[in-house]
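A.B. asks: Just dropping this structure here.
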Amino acid sequence: MTTTLALARGRLRPVPWGWLAVLAAGWLLFTNLLTAAPRDPQVGVMVFRWAALLLGLGGTVLAAPQTDPPRDLLRAAPVPRWRTLALRLAGWLLLGTVPVLTLAVRLGGTAGWAAADLARATLPGFGLATAAGFLAASLTSVLGGGAAAMAAAVGLTQAARAWPSWFSIQLGSVPGDPRWQSSRAWMVGLSLVLVLATLALEARTGSGAGLPRRRPAARPGTASDARARP
Amino acid sequence: MTRTAALARIEARHLARSPLLWLGFVLAAAGAALEMSWFLPALAGDDLLAYRNSGLLLSSGAVLAGAWLALRDQTSGAAELVAVTPTAPWRLQRARLGSVAVVTAGVFTFGFAAALAVSAIRGGRGTPDLRLLADGALAMVLGGWVGLAVGRLTGSRMVSLLAAPVWVVVCFLFMAGPSLRGISLSVQHLSPVLNPQNHSAAYGLLPDPLWPHLAYLLGLTVLVGGMLLVLASRDGSQRVPLRPLLVAAVAGLVLVGAAGARLLALPDDLVVLGPDRASWQPVQGEADPQAEAMFADPGWSFPADDHARACAGDTTLSVCVYPAYGQRLARDMHKAIAPVAQLFTGLPGAPTLVRMVPVGMGSCRNAEAQVPEAWVREPAGRSDQQTRSFYLGFYLNCALGRHPADEHSAEDARAAVDFWALLASGMLSRQEAHRESSEHSAAAAIPAALAMAELPADQVRAELAPNWTRLRAGTLPIAELPGQRP
């Protein structure tokens, strides 16, 4: 049990969880202010949905190579490291979902939106941005991953504007739209694909199969940390 | 100077390969292409679309690229190396600022020029407003330097990443100023990237904030650049020369203050009511009920302004549009309207000229049908047939004495003559007319129109002529139309 906890701690440690918690809390306060600013409450809801997408940028630090500096010399043997990323992703989803749900409850009733619908409208977007940033950052960097996640959001919005009748993902769909259900299903599905792709890439690298990657499970600050690495 | 220039060139080459900037470019290009496809091509109009679509996305890409440049030395460990070089850090920073400015402005210029080239290939004409190019390029430089400042001051990748969306949010907050609670000033022109909505190919931006906005952006850019030089000189023993810096800071503050005050004084919108600038009506807020009421008045029309000079036509009818849309649009409109116009030739009130105007709802002025520019420019979602019907609508409304804002009775004989004109000119087939009769609100008029269409067109016109004034006044019953059985 102690070993498991030590392993989990080691896998999570390089990620600046304190800063991510500050980001999530700051997002909650800032978005709360922003949603109250427009005279039209419907615009406030739109702001909330876009802000949820932006919160997903936090997912970039989980997988970026800069989070795990190269320490190949300290690695005893190749190990499947996808668990590390999976654990970090789970932690971030937990941390990021809390402010989104809190704000959804707080804004419930705004412009005719029920809190549950607000949560249903925003969480898939948050998940998709997280997953896109997660994959792109694992291949590039924090900035590269974040830029890719933002580009994905903007690109999807433009594609939905250009081909509204057949493009499956409509970030702005509302309850009652013909695409309301399918759009969210597509977003969740695409997020899962992106996450699985990231983990698969990581697992391949971990077993020594391919990419010249250099991710240890944890930053070995001390001897005990080094021993705790998986 | 040579050393600084050489360094600037190296940094510029490095930055020009940054995917962060090019990602913004690709998105901006896609957005601009999408929006340009919704409008008729016109160089004086597509320049604004290119600016608006590229501005926000590219400048946020510039923020990211600037931040990446500032963070790069930290990652590579070059900061220590730079600190011990004989060149003063502020000179290195100056080279870096120059490289960011050249690359970001260059990318915007490339995108802007590409958009105009596409517009010209599609048939766009007119003179693009190069102040938009200067404004967009300055906004890119400002974005890049802000990114450089964020990266340098924080040293954090996450904060640098968030700087880009925060930049966009700040721009949006300014743009949305009038629709925000507690904001009574017109702050939308203070956004680093403008979002002008009201534009005419003949009258330009309404209102035109570009000159003061250029000064405002220049002031902001000078201030941010000066701050970055001061920050850099803190790291070394060689200080940045104080006097030029102070002059630049004061100039920057004066520019920002004076131009900012001018921008705040601008109205939210301007309604052009004639060629005389004194008649233009400033609008605060999103809509002007006074202007809308004026346009709905059947007696109102836009005065002659001699701006619609691209014409096409024959002895029956001329169509004139703004030269920016080219003669092709005039020819297309004439081709759509001419078959119907021939049927009404010589009848009192039948237009002999269709003219593009900047505002209104399609008014009539003597023998002139007026077509609002904004309605014609945006053919998105209209099929070719719908576009032809749209052009015809302006003509027929004037010919038959109708106003778009009026309510029309289903028993109105004008609706029957309208359908007859479409049938007789071949714009509408009998099958389509029968289909319309089951769907159209003026269903009673269609059998009458079909009966009229059984007669030769000349006969119908001859029989309509004595009743024409009553028909245009809306007092002629359907039963008195040609071909109706008693």
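Residues in the structure tokens are numbered from 1 in each chain, the chains being A, B, ... in the order shown, and ligands are numbered from 1 in the order shown.
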Can I get the residues of chain A within 10 Å of chain B, each with the closest pair of atoms and their distance in Å to one decimal, using only C-alpha atoms, sorted chain first then ascending number, as a Markdown table?
C.D. replies:
| residue | atom | partner | partner_atom | distance |
| --- | --- | --- | --- | --- |
| A:Trp19 | CA | B:Met158 | CA | 9.2 |
| A:Leu20 | CA | B:Met158 | CA | 9.3 |
| A:Leu23 | CA | B:Met158 | CA | 9.5 |
| A:Leu34 | CA | B:Leu173 | CA | 9.0 |
| A:Ala36 | CA | B:Arg181 | CA | 8.2 |
| A:Ala37 | CA | B:Leu180 | CA | 5.4 |
| A:Pro38 | CA | B:Leu180 | CA | 4.3 |
| A:Arg39 | CA | B:Arg181 | CA | 5.4 |
| A:Asp40 | CA | B:Ser179 | CA | 7.7 |
| A:Val43 | CA | B:Ser179 | CA | 9.7 |
| A:Val47 | CA | B:Val169 | CA | 9.8 |
| A:Ala51 | CA | B:Pro165 | CA | 9.5 |
| A:Leu54 | CA | B:Pro165 | CA | 7.5 |
| A:Leu55 | CA | B:Leu162 | CA | 9.5 |
| A:Leu57 | CA | B:Leu162 | CA | 8.0 |
| A:Gly58 | CA | B:Met158 | CA | 7.8 |
| A:Thr60 | CA | B:Met158 | CA | 8.6 |
| A:Val61 | CA | B:Met158 | CA | 7.5 |
| A:Gln66 | CA | B:Thr75 | CA | 8.9 |
| A:Ser141 | CA | B:Arg157 | CA | 9.1 |
| A:Val142 | CA | B:Arg157 | CA | 6.5 |
| A:Leu143 | CA | B:Leu161 | CA | 5.5 |
| A:Gly144 | CA | B:Leu20 | CA | 6.7 |
| A:Gly145 | CA | B:Leu161 | CA | 9.3 |
| A:Gly146 | CA | B:Leu161 | CA | 6.4 |
| A:Ala147 | CA | B:Leu20 | CA | 6.6 |
| A:Ala148 | CA | B:Leu23 | CA | 7.8 |
| A:Met150 | CA | B:Pro165 | CA | 8.4 |
| A:Ala151 | CA | B:Leu27 | CA | 7.0 |
| A:Ala152 | CA | B:Leu27 | CA | 9.4 |
| A:Val154 | CA | B:Leu27 | CA | 7.4 |
| A:Gly155 | CA | B:Leu27 | CA | 6.7 |
| A:Thr157 | CA | B:Gly31 | CA | 9.9 |
| A:Gln158 | CA | B:Gly31 | CA | 6.6 |
| A:Ala159 | CA | B:Leu34 | CA | 9.1 |
| A:Arg161 | CA | B:Leu34 | CA | 8.8 |
| A:Ala162 | CA | B:Leu34 | CA | 6.8 |
A.B. asks: Okay, now the selection with C-alpha atoms, as a CSV table (one decimal), in the first residue's frame?
C.D. replies:
chain,number,residue,atom,x,y,z
A,19,TRP,CA,-0.3,26.0,-9.8
A,20,LEU,CA,-3.0,24.0,-11.6
A,23,LEU,CA,-5.4,28.1,-12.3
A,34,LEU,CA,-17.0,37.5,-17.1
A,36,ALA,CA,-21.9,38.4,-15.3
A,37,ALA,CA,-20.6,41.2,-17.5
A,38,PRO,CA,-22.7,41.0,-20.7
A,39,ARG,CA,-26.2,42.6,-20.6
A,40,ASP,CA,-27.5,39.6,-22.6
A,43,VAL,CA,-23.9,35.8,-24.1
A,47,VAL,CA,-18.7,33.0,-22.4
A,51,ALA,CA,-14.0,29.6,-20.9
A,54,LEU,CA,-9.8,27.4,-22.3
A,55,LEU,CA,-9.6,25.6,-18.9
A,57,LEU,CA,-5.4,24.1,-21.7
A,58,GLY,CA,-4.3,23.0,-18.2
A,60,THR,CA,-0.9,20.5,-21.6
A,61,VAL,CA,1.4,20.5,-18.6
A,66,GLN,CA,9.3,19.9,-20.3
A,141,SER,CA,5.8,21.3,-25.7
A,142,VAL,CA,3.5,23.2,-23.3
A,143,LEU,CA,3.2,26.1,-25.7
A,144,GLY,CA,2.9,23.9,-28.7
A,145,GLY,CA,0.3,21.7,-27.1
A,146,GLY,CA,-1.7,24.7,-25.9
A,147,ALA,CA,-1.6,26.4,-29.3
A,148,ALA,CA,-2.7,23.1,-30.9
A,150,MET,CA,-6.7,26.4,-29.1
A,151,ALA,CA,-6.3,25.9,-32.8
A,152,ALA,CA,-8.5,22.8,-32.6
A,154,VAL,CA,-11.1,27.6,-33.4
A,155,GLY,CA,-10.9,25.1,-36.3
A,157,THR,CA,-15.9,26.3,-34.7
A,158,GLN,CA,-15.0,27.5,-38.2
A,159,ALA,CA,-15.8,24.1,-39.7
A,161,ARG,CA,-19.9,27.5,-39.3
A,162,ALA,CA,-18.9,26.5,-42.8
A.B. asks: Find the residues around B:Ala479 up to 9 Å (only C-alpha atoms counted), leave out those fewer than 5 positions away in its own chain, and share them as a ChimeraX atom specification.
C.D. replies: /B:413,448,484-486
A.B. asks: Filtering to N, CA and C atoms, could you give me those residues as a PDB file, in the first residue's frame?
C.D. replies:
ATOM      1  N   ALA B 413     -54.157  43.298 -56.066  1.00  0.00           N
ATOM      2  CA  ALA B 413     -53.948  43.015 -57.493  1.00  0.00           C
ATOM      3  C   ALA B 413     -52.475  43.115 -57.863  1.00  0.00           C
ATOM      4  N   ALA B 448     -55.202  34.425 -60.945  1.00  0.00           N
ATOM      5  CA  ALA B 448     -55.380  35.636 -61.750  1.00  0.00           C
ATOM      6  C   ALA B 448     -54.161  35.858 -62.644  1.00  0.00           C
ATOM      7  N   GLN B 484     -59.511  38.448 -66.571  1.00  0.00           N
ATOM      8  CA  GLN B 484     -60.341  37.911 -65.489  1.00  0.00           C
ATOM      9  C   GLN B 484     -61.787  37.837 -65.980  1.00  0.00           C
ATOM     10  N   ARG B 485     -62.438  36.732 -65.663  1.00  0.00           N
ATOM     11  CA  ARG B 485     -63.841  36.590 -66.087  1.00  0.00           C
ATOM     12  C   ARG B 485     -64.730  37.409 -65.160  1.00  0.00           C
ATOM     13  N   PRO B 486     -65.774  38.079 -65.706  1.00  0.00           N
ATOM     14  CA  PRO B 486     -66.653  38.888 -64.852  1.00  0.00           C
ATOM     15  C   PRO B 486     -67.491  38.004 -63.929  1.00  0.00           C
TER      16      PRO B 486
END
A.B. asks: Enumerate as number ranges by chain all residues of stretch 180-236 of chain B assigned to strand (DSSP E or B) by DSSP on the backbone, naming them with the chain letters and numbers the document uses.
C.D. replies: B: 180, 199-200, 204-205
A.B. asks: Can you pull out every residue within 9 Å of B:Val283, counting only C-alpha atoms, but drop anything in the same chain fewer than 2 positions away, and send it as a ChimeraX atom specification?
C.D. replies: /B:267-271,281,285-288
A.B. asks: Write down as an mmCIF file with C-alpha atoms, in the first residue's frame the residues belonging to stretch 75-195 of chain B that are assigned helix (DSSP H, G or I) by DSSP computed on the backbone.
C.D. replies:
data_model
loop_
_atom_site.group_PDB
_atom_site.id
_atom_site.type_symbol
_atom_site.label_atom_id
_atom_site.label_comp_id
_atom_site.auth_asym_id
_atom_site.auth_seq_id
_atom_site.Cartn_x
_atom_site.Cartn_y
_atom_site.Cartn_z
ATOM 1 C CA THR B 75 15.242 26.352 -21.770
ATOM 2 C CA SER B 76 18.432 26.296 -23.755
ATOM 3 C CA ALA B 78 21.571 30.571 -23.276
ATOM 4 C CA ALA B 79 20.596 33.220 -20.719
ATOM 5 C CA GLU B 80 23.882 32.792 -18.856
ATOM 6 C CA LEU B 81 25.790 32.897 -22.123
ATOM 7 C CA VAL B 82 24.018 36.063 -23.192
ATOM 8 C CA ALA B 83 24.750 37.678 -19.832
ATOM 9 C CA PRO B 89 21.670 43.184 -23.007
ATOM 10 C CA TRP B 90 19.424 46.053 -24.056
ATOM 11 C CA ARG B 91 21.025 45.968 -27.514
ATOM 12 C CA LEU B 92 20.285 42.247 -27.712
ATOM 13 C CA GLN B 93 16.757 42.966 -26.618
ATOM 14 C CA ARG B 94 16.482 45.689 -29.256
ATOM 15 C CA ALA B 95 17.550 43.188 -31.900
ATOM 16 C CA ARG B 96 14.984 40.770 -30.620
ATOM 17 C CA LEU B 97 12.236 43.402 -30.645
ATOM 18 C CA GLY B 98 13.175 44.247 -34.206
ATOM 19 C CA SER B 99 13.033 40.633 -35.293
ATOM 20 C CA VAL B 100 9.624 40.115 -33.676
ATOM 21 C CA ALA B 101 8.341 43.279 -35.331
ATOM 22 C CA VAL B 102 9.610 42.334 -38.779
ATOM 23 C CA VAL B 103 8.358 38.750 -38.678
ATOM 24 C CA THR B 104 4.916 39.353 -37.153
ATOM 25 C CA ALA B 105 4.208 42.367 -39.371
ATOM 26 C CA GLY B 106 5.553 40.425 -42.348
ATOM 27 C CA VAL B 107 3.266 37.461 -41.733
ATOM 28 C CA PHE B 108 0.247 39.758 -41.465
ATOM 29 C CA THR B 109 1.237 41.619 -44.612
ATOM 30 C CA PHE B 110 1.595 38.331 -46.460
ATOM 31 C CA GLY B 111 -1.865 37.200 -45.336
ATOM 32 C CA PHE B 112 -3.450 40.554 -46.153
ATOM 33 C CA ALA B 113 -1.884 40.634 -49.617
ATOM 34 C CA ALA B 114 -2.932 37.027 -50.266
ATOM 35 C CA ALA B 115 -6.540 37.831 -49.296
ATOM 36 C CA LEU B 116 -6.602 40.819 -51.650
ATOM 37 C CA ALA B 117 -5.083 38.739 -54.448
ATOM 38 C CA VAL B 118 -7.816 36.124 -54.008
ATOM 39 C CA SER B 119 -10.432 38.879 -54.005
ATOM 40 C CA ALA B 120 -9.016 40.362 -57.218
ATOM 41 C CA ILE B 121 -8.992 36.932 -58.889
ATOM 42 C CA LEU B 130 -3.956 50.316 -46.720
ATOM 43 C CA ARG B 131 -4.448 51.857 -43.291
ATOM 44 C CA LEU B 132 -6.002 48.493 -42.354
ATOM 45 C CA LEU B 133 -2.735 46.835 -43.338
ATOM 46 C CA ALA B 134 -0.741 49.274 -41.198
ATOM 47 C CA ASP B 135 -3.144 48.860 -38.273
ATOM 48 C CA GLY B 136 -3.080 45.071 -38.447
ATOM 49 C CA ALA B 137 0.698 44.988 -38.742
ATOM 50 C CA LEU B 138 1.056 47.243 -35.699
ATOM 51 C CA ALA B 139 -1.363 45.064 -33.732
ATOM 52 C CA MET B 140 0.797 42.032 -34.605
ATOM 53 C CA VAL B 141 3.937 43.816 -33.422
ATOM 54 C CA LEU B 142 2.198 44.815 -30.205
ATOM 55 C CA GLY B 143 1.000 41.225 -29.672
ATOM 56 C CA GLY B 144 4.482 39.827 -30.260
ATOM 57 C CA TRP B 145 6.065 42.312 -27.869
ATOM 58 C CA VAL B 146 3.407 41.685 -25.220
ATOM 59 C CA GLY B 147 4.197 37.965 -25.517
ATOM 60 C CA LEU B 148 7.900 38.746 -25.179
ATOM 61 C CA ALA B 149 7.157 40.784 -22.049
ATOM 62 C CA VAL B 150 4.981 38.057 -20.522
ATOM 63 C CA GLY B 151 7.574 35.368 -21.195
ATOM 64 C CA ARG B 152 10.367 37.481 -19.806
ATOM 65 C CA LEU B 153 8.549 38.734 -16.729
ATOM 66 C CA THR B 154 7.010 35.442 -15.666
ATOM 67 C CA ARG B 157 5.264 28.342 -19.817
ATOM 68 C CA MET B 158 1.742 28.024 -18.473
ATOM 69 C CA VAL B 159 1.340 31.768 -17.933
ATOM 70 C CA SER B 160 2.816 32.410 -21.380
ATOM 71 C CA LEU B 161 0.360 29.949 -22.882
ATOM 72 C CA LEU B 162 -2.561 31.611 -21.118
ATOM 73 C CA ALA B 163 -1.381 35.022 -22.314
ATOM 74 C CA ALA B 164 -2.749 34.268 -25.799
ATOM 75 C CA PRO B 165 -6.373 33.574 -24.752
ATOM 76 C CA VAL B 166 -6.198 36.412 -22.231
ATOM 77 C CA TRP B 167 -5.123 38.711 -25.094
ATOM 78 C CA VAL B 168 -8.146 37.557 -27.083
ATOM 79 C CA VAL B 169 -10.445 37.989 -24.074
ATOM 80 C CA VAL B 170 -9.141 41.531 -23.494
ATOM 81 C CA CYS B 171 -9.768 42.372 -27.159
ATOM 82 C CA PHE B 172 -13.268 40.888 -26.941
ATOM 83 C CA LEU B 173 -14.028 42.805 -23.742
ATOM 84 C CA PHE B 174 -13.162 46.058 -25.478
ATOM 85 C CA MET B 175 -15.063 45.076 -28.624
ATOM 86 C CA GLY B 177 -17.873 47.308 -24.510
ATOM 87 C CA PRO B 178 -21.294 48.781 -25.316
ATOM 88 C CA SER B 179 -23.040 45.483 -24.606
ATOM 89 C CA VAL B 187 -14.604 51.564 -25.617
ATOM 90 C CA GLN B 188 -14.737 49.172 -28.583
ATOM 91 C CA HIS B 189 -12.284 51.264 -30.567
ATOM 92 C CA LEU B 190 -9.678 50.878 -27.816
#
A.B. asks: Report the closest atom pair, with its distance in Å rounded to one decimal, for each residue of stretch 44-116 of chain B that has an atom no farther than 12 Å from stretch 323-340 of chain B; count only C-alpha atoms, sort by chain and then rising residue number, and write it as CSV.
C.D. replies:
residue,atom,partner,partner_atom,distance
B:Ala44,CA,B:Ala324,CA,6.2
B:Gly45,CA,B:Ala324,CA,8.4
B:Asp46,CA,B:Ala324,CA,10.2
B:Asp47,CA,B:Ala324,CA,11.7
A.B. asks: Please produce an output containing C-alpha atoms for each residue in the selection, written as a PDB file, in the first residue's frame.
C.D. replies:
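For reference, out.pdb as written:
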ATOM      1  CA  ALA B  44     -12.764  47.717 -50.711  1.00  0.00           C
ATOM      2  CA  GLY B  45     -14.497  45.368 -48.317  1.00  0.00           C
ATOM      3  CA  ASP B  46     -12.410  42.217 -48.476  1.00  0.00           C
ATOM      4  CA  ASP B  47      -9.576  44.274 -46.980  1.00  0.00           C
TER       5      ASP B  47
END
A.B. asks: Any idea what's packed within 12 Å of B:Glu368, counting only C-alpha atoms, ignoring anything in its chain fewer than 5 positions away? Could you give it as a ChimeraX atom specification?
C.D. replies: /B:301-304,317-320,348-357,362-363,394-399,401
A.B. asks: For a quick check of understanding, using only C-alpha atoms, which of B:Leu266, B:Gln459, B:Arg435, B:Pro372 has the smallest distance to B:Gln284?
C.D. replies: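 Using only C-alpha atoms, the shortest distance to B:Gln284 belongs to B:Leu266.
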A.B. asks: Which residues are close to stretch 105-118 of chain A, i.e. within 8 Å by only C-alpha atoms, leaving aside same-chain residues fewer than 5 positions away? Reply as a PyMOL selection string.
C.D. replies: chain A and resi 41-42+45+175
A.B. asks: Restrict the selected residues to all heavy atoms and save them as a PDB file, in the first residue's frame.
C.D. replies:
ATOM      1  N   PRO A  41     -27.937  37.726 -21.054  1.00  0.00           N
ATOM      2  CA  PRO A  41     -27.509  36.529 -20.306  1.00  0.00           C
ATOM      3  C   PRO A  41     -27.069  35.385 -21.229  1.00  0.00           C
ATOM      4  O   PRO A  41     -26.223  34.582 -20.845  1.00  0.00           O
ATOM      5  CB  PRO A  41     -28.741  36.122 -19.498  1.00  0.00           C
ATOM      6  CG  PRO A  41     -29.749  37.178 -19.706  1.00  0.00           C
ATOM      7  CD  PRO A  41     -29.318  38.082 -20.792  1.00  0.00           C
ATOM      8  N   GLN A  42     -27.642  35.328 -22.421  1.00  0.00           N
ATOM      9  CA  GLN A  42     -27.263  34.261 -23.353  1.00  0.00           C
ATOM     10  C   GLN A  42     -25.777  34.376 -23.719  1.00  0.00           C
ATOM     11  O   GLN A  42     -25.089  33.367 -23.889  1.00  0.00           O
ATOM     12  CB  GLN A  42     -28.136  34.364 -24.607  1.00  0.00           C
ATOM     13  CG  GLN A  42     -28.078  33.163 -25.532  1.00  0.00           C
ATOM     14  CD  GLN A  42     -28.590  31.886 -24.886  1.00  0.00           C
ATOM     15  OE1 GLN A  42     -29.633  31.882 -24.250  1.00  0.00           O
ATOM     16  NE2 GLN A  42     -27.836  30.804 -25.022  1.00  0.00           N
ATOM     17  N   VAL A  45     -23.697  32.813 -21.022  1.00  0.00           N
ATOM     18  CA  VAL A  45     -23.614  31.352 -21.149  1.00  0.00           C
ATOM     19  C   VAL A  45     -22.565  30.973 -22.205  1.00  0.00           C
ATOM     20  O   VAL A  45     -21.761  30.049 -22.008  1.00  0.00           O
ATOM     21  CB  VAL A  45     -24.997  30.756 -21.517  1.00  0.00           C
ATOM     22  CG1 VAL A  45     -24.883  29.290 -21.878  1.00  0.00           C
ATOM     23  CG2 VAL A  45     -25.966  30.938 -20.369  1.00  0.00           C
ATOM     24  N   PRO A 175     -29.529  22.726 -26.122  1.00  0.00           N
ATOM     25  CA  PRO A 175     -30.541  21.675 -25.976  1.00  0.00           C
ATOM     26  C   PRO A 175     -31.715  21.923 -26.928  1.00  0.00           C
ATOM     27  O   PRO A 175     -32.188  23.045 -27.040  1.00  0.00           O
ATOM     28  CB  PRO A 175     -30.979  21.796 -24.513  1.00  0.00           C
ATOM     29  CG  PRO A 175     -29.847  22.469 -23.830  1.00  0.00           C
ATOM     30  CD  PRO A 175     -29.199  23.356 -24.843  1.00  0.00           C
TER      31      PRO A 175
END
A.B. asks: Work out how far apart atom CA of A:Phe134 and atom CA of A:Met187 are and give it in Å to one decimal.
C.D. replies: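 Separation between atom CA of A:Phe134 and atom CA of A:Met187: 15.0 Å.
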